[in-house]
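Q: So here's model-v9.pdb, just PDB, C-alpha atoms, pLDDT in the B column:
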```pdb
ATOM      1  CA  MET A 796      83.524  37.985   2.201  1.00 49.00           C
ATOM      2  CA  SER A 797      83.735  40.072   5.338  1.00 56.00           C
ATOM      3  CA  SER A 798      83.419  43.809   5.400  1.00 84.00           C
ATOM      4  CA  LEU A 799      83.725  43.987   9.185  1.00 92.00           C
ATOM      5  CA  ASN A 800      87.300  45.161   8.884  1.00 90.00           C
ATOM      6  CA  GLN A 801      86.068  48.248   7.012  1.00 89.00           C
ATOM      7  CA  GLU A 802      83.986  49.376   9.986  1.00 89.00           C
ATOM      8  CA  LYS A 803      85.150  51.596  12.819  1.00 87.00           C
ATOM      9  CA  CYS A 804      84.553  50.902  16.492  1.00 85.00           C
ATOM     10  CA  GLU A 805      81.859  53.086  17.965  1.00 84.00           C
ATOM     11  CA  ALA A 806      82.051  54.344  21.532  1.00 79.00           C
ATOM     12  CA  CYS A 807      80.770  51.604  23.815  1.00 79.00           C
ATOM     13  CA  ARG A 808      78.627  52.651  26.775  1.00 82.00           C
ATOM     14  CA  ALA A 809      77.713  50.547  29.777  1.00 83.00           C
ATOM     15  CA  ASP A 810      74.110  50.391  28.521  1.00 85.00           C
ATOM     16  CA  ALA A 811      75.044  49.342  24.975  1.00 86.00           C
ATOM     17  CA  PRO A 812      73.397  46.081  23.927  1.00 87.00           C
ATOM     18  CA  LYS A 813      75.380  42.852  23.803  1.00 91.00           C
ATOM     19  CA  VAL A 814      75.044  40.966  20.528  1.00 94.00           C
ATOM     20  CA  ASN A 815      72.038  38.645  20.606  1.00 94.00           C
ATOM     21  CA  ASP A 816      72.055  34.995  19.579  1.00 94.00           C
ATOM     22  CA  GLU A 817      71.077  35.687  15.999  1.00 95.00           C
ATOM     23  CA  GLU A 818      73.714  38.389  15.546  1.00 95.00           C
ATOM     24  CA  LEU A 819      76.287  36.159  17.219  1.00 95.00           C
ATOM     25  CA  LYS A 820      75.724  33.403  14.667  1.00 96.00           C
ATOM     26  CA  GLU A 821      75.914  35.828  11.771  1.00 96.00           C
ATOM     27  CA  LEU A 822      79.017  37.620  13.068  1.00 97.00           C
ATOM     28  CA  MET A 823      80.895  34.429  13.996  1.00 97.00           C
ATOM     29  CA  ALA A 824      80.463  33.283  10.386  1.00 97.00           C
ATOM     30  CA  MET A 825      82.345  36.403   9.310  1.00 96.00           C
ATOM     31  CA  ILE A 826      85.399  35.559  11.459  1.00 97.00           C
ATOM     32  CA  PRO A 827      85.648  31.762  11.015  1.00 97.00           C
ATOM     33  CA  ASP A 828      89.036  31.393  12.718  1.00 97.00           C
ATOM     34  CA  TRP A 829      87.801  32.785  16.031  1.00 98.00           C
ATOM     35  CA  VAL A 830      86.081  30.885  18.796  1.00 97.00           C
ATOM     36  CA  PRO A 831      83.732  32.208  21.454  1.00 96.00           C
ATOM     37  CA  VAL A 832      85.026  31.417  24.951  1.00 97.00           C
ATOM     38  CA  VAL A 833      83.487  32.155  28.334  1.00 96.00           C
ATOM     39  CA  LYS A 834      85.869  33.375  31.043  1.00 94.00           C
ATOM     40  CA  ASN A 835      84.713  34.664  34.420  1.00 93.00           C
ATOM     41  CA  ASN A 836      81.170  34.450  33.089  1.00 95.00           C
ATOM     42  CA  ILE A 837      82.032  36.832  30.234  1.00 96.00           C
ATOM     43  CA  MET A 838      81.759  35.772  26.602  1.00 96.00           C
ATOM     44  CA  GLN A 839      84.896  36.632  24.650  1.00 98.00           C
ATOM     45  CA  LEU A 840      86.389  36.051  21.198  1.00 98.00           C
ATOM     46  CA  GLU A 841      89.704  34.219  21.058  1.00 98.00           C
ATOM     47  CA  ARG A 842      92.177  33.251  18.351  1.00 98.00           C
ATOM     48  CA  GLU A 843      95.670  31.788  18.475  1.00 98.00           C
ATOM     49  CA  TYR A 844      98.122  32.922  15.760  1.00 98.00           C
ATOM     50  CA  SER A 845     101.259  30.929  14.931  1.00 98.00           C
ATOM     51  CA  PHE A 846     104.721  32.393  14.309  1.00 98.00           C
ATOM     52  CA  LYS A 847     108.072  30.976  13.307  1.00 97.00           C
ATOM     53  CA  SER A 848     109.953  32.868  16.001  1.00 95.00           C
ATOM     54  CA  TYR A 849     109.483  34.754  19.234  1.00 96.00           C
ATOM     55  CA  LEU A 850     110.386  38.045  17.571  1.00 97.00           C
ATOM     56  CA  ASP A 851     107.815  37.512  14.816  1.00 97.00           C
ATOM     57  CA  GLY A 852     105.139  37.029  17.469  1.00 98.00           C
ATOM     58  CA  LEU A 853     106.396  40.035  19.408  1.00 98.00           C
ATOM     59  CA  ALA A 854     106.220  42.228  16.293  1.00 98.00           C
ATOM     60  CA  PHE A 855     102.604  41.131  15.766  1.00 98.00           C
ATOM     61  CA  THR A 856     101.793  41.969  19.394  1.00 98.00           C
ATOM     62  CA  GLN A 857     103.265  45.426  18.905  1.00 98.00           C
ATOM     63  CA  LYS A 858     101.403  46.027  15.637  1.00 98.00           C
ATOM     64  CA  LEU A 859      98.107  44.860  17.111  1.00 98.00           C
ATOM     65  CA  GLY A 860      98.579  46.897  20.285  1.00 98.00           C
ATOM     66  CA  GLU A 861      99.110  50.063  18.279  1.00 97.00           C
ATOM     67  CA  ALA A 862      96.091  49.361  16.060  1.00 96.00           C
ATOM     68  CA  ALA A 863      94.003  48.738  19.180  1.00 96.00           C
ATOM     69  CA  GLU A 864      95.096  52.019  20.728  1.00 95.00           C
ATOM     70  CA  ASN A 865      94.073  53.823  17.536  1.00 93.00           C
ATOM     71  CA  GLU A 866      90.570  52.348  17.798  1.00 92.00           C
ATOM     72  CA  GLY A 867      90.331  52.977  21.535  1.00 92.00           C
ATOM     73  CA  HIS A 868      89.503  49.295  22.100  1.00 93.00           C
ATOM     74  CA  HIS A 869      92.092  47.008  23.700  1.00 95.00           C
ATOM     75  CA  PRO A 870      92.506  43.229  23.623  1.00 97.00           C
ATOM     76  CA  ASP A 871      94.346  40.888  25.932  1.00 97.00           C
ATOM     77  CA  ILE A 872      97.442  39.651  24.084  1.00 98.00           C
ATOM     78  CA  LEU A 873      99.372  36.636  25.301  1.00 98.00           C
ATOM     79  CA  THR A 874     102.800  36.459  23.656  1.00 98.00           C
ATOM     80  CA  GLU A 875     104.548  33.071  23.837  1.00 97.00           C
ATOM     81  CA  TRP A 876     107.256  31.335  21.857  1.00 95.00           C
ATOM     82  CA  GLY A 877     105.732  30.536  18.452  1.00 95.00           C
ATOM     83  CA  LYS A 878     102.268  31.862  19.134  1.00 97.00           C
ATOM     84  CA  VAL A 879     100.204  34.859  20.148  1.00 98.00           C
ATOM     85  CA  THR A 880      96.714  34.467  21.601  1.00 98.00           C
ATOM     86  CA  VAL A 881      94.352  37.412  21.225  1.00 98.00           C
ATOM     87  CA  THR A 882      91.152  37.903  23.225  1.00 98.00           C
ATOM     88  CA  TRP A 883      88.528  40.534  22.523  1.00 98.00           C
ATOM     89  CA  TRP A 884      85.510  41.559  24.588  1.00 97.00           C
ATOM     90  CA  SER A 885      83.880  44.771  25.751  1.00 95.00           C
ATOM     91  CA  HIS A 886      84.733  45.466  29.370  1.00 91.00           C
ATOM     92  CA  LYS A 887      81.960  48.026  29.819  1.00 91.00           C
ATOM     93  CA  ILE A 888      79.172  45.604  28.941  1.00 94.00           C
ATOM     94  CA  LYS A 889      80.959  42.479  30.215  1.00 93.00           C
ATOM     95  CA  GLY A 890      80.339  40.709  26.944  1.00 95.00           C
ATOM     96  CA  LEU A 891      80.482  40.949  23.163  1.00 97.00           C
ATOM     97  CA  HIS A 892      79.657  44.089  21.220  1.00 96.00           C
ATOM     98  CA  ARG A 893      79.823  44.440  17.445  1.00 94.00           C
ATOM     99  CA  ASN A 894      83.101  46.330  18.077  1.00 94.00           C
ATOM    100  CA  ASP A 895      84.744  43.066  19.152  1.00 96.00           C
ATOM    101  CA  PHE A 896      83.925  41.382  15.856  1.00 97.00           C
ATOM    102  CA  ILE A 897      85.191  44.405  13.956  1.00 95.00           C
ATOM    103  CA  MET A 898      88.459  44.246  15.889  1.00 96.00           C
ATOM    104  CA  ALA A 899      88.749  40.461  15.456  1.00 97.00           C
ATOM    105  CA  SER A 900      88.443  40.947  11.719  1.00 97.00           C
ATOM    106  CA  LYS A 901      91.013  43.755  11.739  1.00 96.00           C
ATOM    107  CA  THR A 902      93.353  41.544  13.781  1.00 98.00           C
ATOM    108  CA  ASP A 903      93.130  38.888  11.066  1.00 97.00           C
ATOM    109  CA  GLN A 904      94.133  41.498   8.508  1.00 96.00           C
ATOM    110  CA  LEU A 905      97.251  42.394  10.506  1.00 97.00           C
ATOM    111  CA  TYR A 906      98.293  38.743  10.391  1.00 97.00           C
ATOM    112  CA  LEU A 907      98.078  38.491   6.594  1.00 84.00           C
TER     113      LEU A 907
ATOM    114  CA  MET B1312     120.803  43.284  47.410  1.00 49.00           C
ATOM    115  CA  SER B1313     120.431  41.038  44.403  1.00 56.00           C
ATOM    116  CA  SER B1314     123.180  40.365  41.955  1.00 84.00           C
ATOM    117  CA  LEU B1315     121.068  37.946  39.940  1.00 91.00           C
ATOM    118  CA  ASN B1316     120.560  40.549  37.263  1.00 90.00           C
ATOM    119  CA  GLN B1317     124.315  40.622  36.671  1.00 89.00           C
ATOM    120  CA  GLU B1318     124.347  36.946  35.697  1.00 89.00           C
ATOM    121  CA  LYS B1319     123.852  35.562  32.200  1.00 86.00           C
ATOM    122  CA  CYS B1320     121.569  32.677  31.334  1.00 84.00           C
ATOM    123  CA  GLU B1321     123.450  29.491  30.640  1.00 84.00           C
ATOM    124  CA  ALA B1322     122.281  27.022  28.019  1.00 79.00           C
ATOM    125  CA  CYS B1323     119.611  24.845  29.584  1.00 79.00           C
ATOM    126  CA  ARG B1324     119.639  21.149  28.686  1.00 82.00           C
ATOM    127  CA  ALA B1325     116.849  18.661  29.286  1.00 83.00           C
ATOM    128  CA  ASP B1326     118.972  16.987  31.966  1.00 85.00           C
ATOM    129  CA  ALA B1327     119.800  20.221  33.809  1.00 86.00           C
ATOM    130  CA  PRO B1328     118.743  20.138  37.462  1.00 87.00           C
ATOM    131  CA  LYS B1329     115.670  22.005  38.653  1.00 91.00           C
ATOM    132  CA  VAL B1330     116.288  24.245  41.656  1.00 94.00           C
ATOM    133  CA  ASN B1331     115.889  22.299  44.897  1.00 94.00           C
ATOM    134  CA  ASP B1332     113.830  23.441  47.883  1.00 94.00           C
ATOM    135  CA  GLU B1333     116.748  25.143  49.592  1.00 96.00           C
ATOM    136  CA  GLU B1334     117.800  27.025  46.459  1.00 95.00           C
ATOM    137  CA  LEU B1335     114.179  27.957  45.802  1.00 95.00           C
ATOM    138  CA  LYS B1336     113.866  29.623  49.198  1.00 96.00           C
ATOM    139  CA  GLU B1337     117.125  31.494  48.739  1.00 96.00           C
ATOM    140  CA  LEU B1338     116.367  32.609  45.186  1.00 97.00           C
ATOM    141  CA  MET B1339     112.767  33.669  45.914  1.00 97.00           C
ATOM    142  CA  ALA B1340     114.144  35.991  48.613  1.00 97.00           C
ATOM    143  CA  MET B1341     116.162  37.725  45.908  1.00 96.00           C
ATOM    144  CA  ILE B1342     113.072  38.513  43.807  1.00 97.00           C
ATOM    145  CA  PRO B1343     110.510  39.424  46.485  1.00 97.00           C
ATOM    146  CA  ASP B1344     107.841  40.705  44.071  1.00 97.00           C
ATOM    147  CA  TRP B1345     107.525  37.380  42.272  1.00 98.00           C
ATOM    148  CA  VAL B1346     105.358  34.458  43.267  1.00 97.00           C
ATOM    149  CA  PRO B1347     105.824  30.801  42.429  1.00 96.00           C
ATOM    150  CA  VAL B1348     102.762  29.397  40.674  1.00 97.00           C
ATOM    151  CA  VAL B1349     102.060  25.880  39.463  1.00 96.00           C
ATOM    152  CA  LYS B1350     100.407  25.563  36.048  1.00 94.00           C
ATOM    153  CA  ASN B1351      99.935  22.259  34.251  1.00 93.00           C
ATOM    154  CA  ASN B1352     102.042  20.660  36.982  1.00 95.00           C
ATOM    155  CA  ILE B1353     104.966  22.990  36.159  1.00 96.00           C
ATOM    156  CA  MET B1354     106.342  25.424  38.706  1.00 96.00           C
ATOM    157  CA  GLN B1355     106.714  28.914  37.268  1.00 98.00           C
ATOM    158  CA  LEU B1356     107.563  32.436  38.424  1.00 98.00           C
ATOM    159  CA  GLU B1357     104.937  35.111  37.913  1.00 98.00           C
ATOM    160  CA  ARG B1358     104.698  38.852  38.451  1.00 98.00           C
ATOM    161  CA  GLU B1359     102.111  41.427  37.452  1.00 98.00           C
ATOM    162  CA  TYR B1360     103.375  44.923  36.548  1.00 98.00           C
ATOM    163  CA  SER B1361     101.079  47.960  36.563  1.00 98.00           C
ATOM    164  CA  PHE B1362     101.006  50.690  33.915  1.00 98.00           C
ATOM    165  CA  LYS B1363      99.128  53.941  33.486  1.00 97.00           C
ATOM    166  CA  SER B1364      98.178  53.203  29.891  1.00 95.00           C
ATOM    167  CA  TYR B1365      97.915  50.419  27.358  1.00 96.00           C
ATOM    168  CA  LEU B1366     100.801  51.845  25.341  1.00 97.00           C
ATOM    169  CA  ASP B1367     103.058  51.962  28.412  1.00 97.00           C
ATOM    170  CA  GLY B1368     102.385  48.284  29.026  1.00 98.00           C
ATOM    171  CA  LEU B1369     102.892  47.488  25.356  1.00 98.00           C
ATOM    172  CA  ALA B1370     106.266  49.270  25.369  1.00 98.00           C
ATOM    173  CA  PHE B1371     107.324  47.180  28.374  1.00 98.00           C
ATOM    174  CA  THR B1372     106.239  43.995  26.577  1.00 98.00           C
ATOM    175  CA  GLN B1373     108.360  44.981  23.595  1.00 98.00           C
ATOM    176  CA  LYS B1374     111.411  45.839  25.712  1.00 98.00           C
ATOM    177  CA  LEU B1375     111.135  42.614  27.682  1.00 98.00           C
ATOM    178  CA  GLY B1376     110.626  40.515  24.560  1.00 98.00           C
ATOM    179  CA  GLU B1377     113.777  41.923  22.992  1.00 97.00           C
ATOM    180  CA  ALA B1378     115.797  41.380  26.173  1.00 96.00           C
ATOM    181  CA  ALA B1379     114.509  37.805  26.343  1.00 96.00           C
ATOM    182  CA  GLU B1380     115.514  37.145  22.755  1.00 95.00           C
ATOM    183  CA  ASN B1381     119.024  38.410  23.541  1.00 93.00           C
ATOM    184  CA  GLU B1382     119.308  35.901  26.394  1.00 91.00           C
ATOM    185  CA  GLY B1383     117.772  33.078  24.372  1.00 92.00           C
ATOM    186  CA  HIS B1384     115.194  32.524  27.126  1.00 93.00           C
ATOM    187  CA  HIS B1385     111.572  33.517  26.526  1.00 95.00           C
ATOM    188  CA  PRO B1386     108.733  34.293  28.935  1.00 97.00           C
ATOM    189  CA  ASP B1387     105.002  34.297  28.475  1.00 97.00           C
ATOM    190  CA  ILE B1388     103.833  37.912  28.455  1.00 98.00           C
ATOM    191  CA  LEU B1389     100.179  38.794  28.899  1.00 98.00           C
ATOM    192  CA  THR B1390      99.512  42.398  27.867  1.00 98.00           C
ATOM    193  CA  GLU B1391      96.261  43.890  29.150  1.00 97.00           C
ATOM    194  CA  TRP B1392      94.962  47.413  29.759  1.00 95.00           C
ATOM    195  CA  GLY B1393      96.936  48.759  32.720  1.00 95.00           C
ATOM    196  CA  LYS B1394      98.980  45.666  33.416  1.00 97.00           C
ATOM    197  CA  VAL B1395     101.431  43.145  32.037  1.00 98.00           C
ATOM    198  CA  THR B1396     101.823  39.701  33.581  1.00 98.00           C
ATOM    199  CA  VAL B1397     105.141  37.941  33.036  1.00 98.00           C
ATOM    200  CA  THR B1398     105.738  34.223  33.552  1.00 98.00           C
ATOM    201  CA  TRP B1399     109.117  32.523  33.524  1.00 98.00           C
ATOM    202  CA  TRP B1400     109.998  28.849  33.536  1.00 97.00           C
ATOM    203  CA  SER B1401     112.326  26.495  31.707  1.00 95.00           C
ATOM    204  CA  HIS B1402     110.453  24.518  29.090  1.00 91.00           C
ATOM    205  CA  LYS B1403     113.206  21.955  28.648  1.00 91.00           C
ATOM    206  CA  ILE B1404     113.155  20.841  32.280  1.00 94.00           C
ATOM    207  CA  LYS B1405     109.458  21.594  32.859  1.00 94.00           C
ATOM    208  CA  GLY B1406     110.272  23.619  35.935  1.00 95.00           C
ATOM    209  CA  LEU B1407     112.485  26.302  37.427  1.00 97.00           C
ATOM    210  CA  HIS B1408     116.164  26.689  36.609  1.00 96.00           C
ATOM    211  CA  ARG B1409     118.446  29.378  38.019  1.00 94.00           C
ATOM    212  CA  ASN B1410     118.052  31.063  34.596  1.00 94.00           C
ATOM    213  CA  ASP B1411     114.431  31.869  35.444  1.00 96.00           C
ATOM    214  CA  PHE B1412     115.408  33.759  38.570  1.00 97.00           C
ATOM    215  CA  ILE B1413     118.084  35.635  36.643  1.00 95.00           C
ATOM    216  CA  MET B1414     115.497  36.653  34.055  1.00 96.00           C
ATOM    217  CA  ALA B1415     112.908  37.582  36.703  1.00 97.00           C
ATOM    218  CA  SER B1416     115.477  39.897  38.257  1.00 97.00           C
ATOM    219  CA  LYS B1417     116.369  41.386  34.868  1.00 96.00           C
ATOM    220  CA  THR B1418     112.651  41.908  34.160  1.00 98.00           C
ATOM    221  CA  ASP B1419     112.362  43.924  37.367  1.00 97.00           C
ATOM    222  CA  GLN B1420     115.230  46.103  36.189  1.00 96.00           C
ATOM    223  CA  LEU B1421     113.440  46.850  32.914  1.00 97.00           C
ATOM    224  CA  TYR B1422     110.448  48.094  34.902  1.00 97.00           C
ATOM    225  CA  LEU B1423     112.464  50.607  36.940  1.00 84.00           C
TER     226      LEU B1423
END
```
What would you get if you wrote out this structure as structure tokens?

A:
Amino acid sequence: MSSLNQEKCEACRADAPKVNDEELKELMAMIPDWVPVVKNNIMQLEREYSFKSYLDGLAFTQKLGEAAENEGHHPDILTEWGKVTVTWWSHKIKGLHRNDFIMASKTDQLYL
Amino acid sequence: MSSLNQEKCEACRADAPKVNDEELKELMAMIPDWVPVVKNNIMQLEREYSFKSYLDGLAFTQKLGEAAENEGHHPDILTEWGKVTVTWWSHKIKGLHRNDFIMASKTDQLYL
């Protein structure tokens, strides 16, 4: 259904456009397990993943962190017992860029 | 100065006592870089560690997570670009046990 995870992040400049309302609707439909949240006035994408153990969650955090480094785009990752919460947004534009949806989709793939 | 990091966590039961005000003052003095925070009505210990890169922070998260698993006591770890925020408390007693101060001190040692 989604081909977002096949895309690569492009370099994000401070003057890059945030996704508009129409794009937002279309892109959110491609990552149905994610929710848009607003923190400090910045729209972000968030998803909570469940794990059977702390070490399982920790391994996911590690895998995601390495994948993020490879793309040059870094999420916040909150590792807790039984769950890991991932948050994506583009710091440079203080909002959501297509890159964030690409990375959300790739994050889902790492969880499979 | 502190010998907390030489101690081992003891099994924490739901009827274990939270640290009292006097103990809190004494124990906080032994981990001067930590601050007590109250979240959801639960007192917790929190410290933010700085890192030069995302991968450095991620490596610390991994090291801490493994150490936590070995002690059977697990923190929340928020991994972000350039920093990792660690939060300790005892879920079973919804507050602070001596174990949390032991683990805070051990976390500091991992950062050295």

Q: Name the residues captured by the ChimeraX specification (/B :<10) & /A when it is applied to the shown file; answer as a list of chain:residue names.

A: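 Listing what the ChimeraX specification (/B :<10) & /A selects in the shown file: A:Ser848, A:Tyr849, A:Leu850, A:Gly852, A:Leu853, A:Ala854, A:Thr856, A:Gln857, A:Lys858, A:Leu859, A:Gly860, A:Glu861, A:Ala863, A:Glu864, A:Gly867, A:His868, A:His869, A:Pro870, A:Asp871, A:Ile872, A:Leu873, A:Thr874, A:Glu875, A:Trp876, A:Val879, A:Thr880, A:Val881, A:Thr882.
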
Q: Tell me which residues the PyMOL selection byres ((chain B and resi 1336-1340) around 12) grabs here, as a PyMOL selection string.

A: chain B and resi 1312-1316+1330-1335+1341-1347+1355-1357+1407-1416

Q: Generate a file of the selected residues that holds C-alpha atoms, formatted as a CSV table (one decimal), in the frame of the given file.

A:
```csv
chain,number,residue,atom,x,y,z
B,1312,MET,CA,120.8,43.3,47.4
B,1313,SER,CA,120.4,41.0,44.4
B,1314,SER,CA,123.2,40.4,42.0
B,1315,LEU,CA,121.1,37.9,39.9
B,1316,ASN,CA,120.6,40.5,37.3
B,1330,VAL,CA,116.3,24.2,41.7
B,1331,ASN,CA,115.9,22.3,44.9
B,1332,ASP,CA,113.8,23.4,47.9
B,1333,GLU,CA,116.7,25.1,49.6
B,1334,GLU,CA,117.8,27.0,46.5
B,1335,LEU,CA,114.2,28.0,45.8
B,1341,MET,CA,116.2,37.7,45.9
B,1342,ILE,CA,113.1,38.5,43.8
B,1343,PRO,CA,110.5,39.4,46.5
B,1344,ASP,CA,107.8,40.7,44.1
B,1345,TRP,CA,107.5,37.4,42.3
B,1346,VAL,CA,105.4,34.5,43.3
B,1347,PRO,CA,105.8,30.8,42.4
B,1355,GLN,CA,106.7,28.9,37.3
B,1356,LEU,CA,107.6,32.4,38.4
B,1357,GLU,CA,104.9,35.1,37.9
B,1407,LEU,CA,112.5,26.3,37.4
B,1408,HIS,CA,116.2,26.7,36.6
B,1409,ARG,CA,118.4,29.4,38.0
B,1410,ASN,CA,118.1,31.1,34.6
B,1411,ASP,CA,114.4,31.9,35.4
B,1412,PHE,CA,115.4,33.8,38.6
B,1413,ILE,CA,118.1,35.6,36.6
B,1414,MET,CA,115.5,36.7,34.1
B,1415,ALA,CA,112.9,37.6,36.7
B,1416,SER,CA,115.5,39.9,38.3
```

Q: Written as number ranges by chain, which residues does the PyMOL selection byres ((chain B and resi 1323) around 9) give for the file shown?

A: B: 1320-1322, 1324-1327, 1401, 1403-1404, 1408, 1410

Q: Mind pulling up the distance from atom CA of B:Gly1393 to atom CA of A:Asn836?

A: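 Between atom CA of A:Asn836 and atom CA of B:Gly1393 the gap works out to 21.3 Å.
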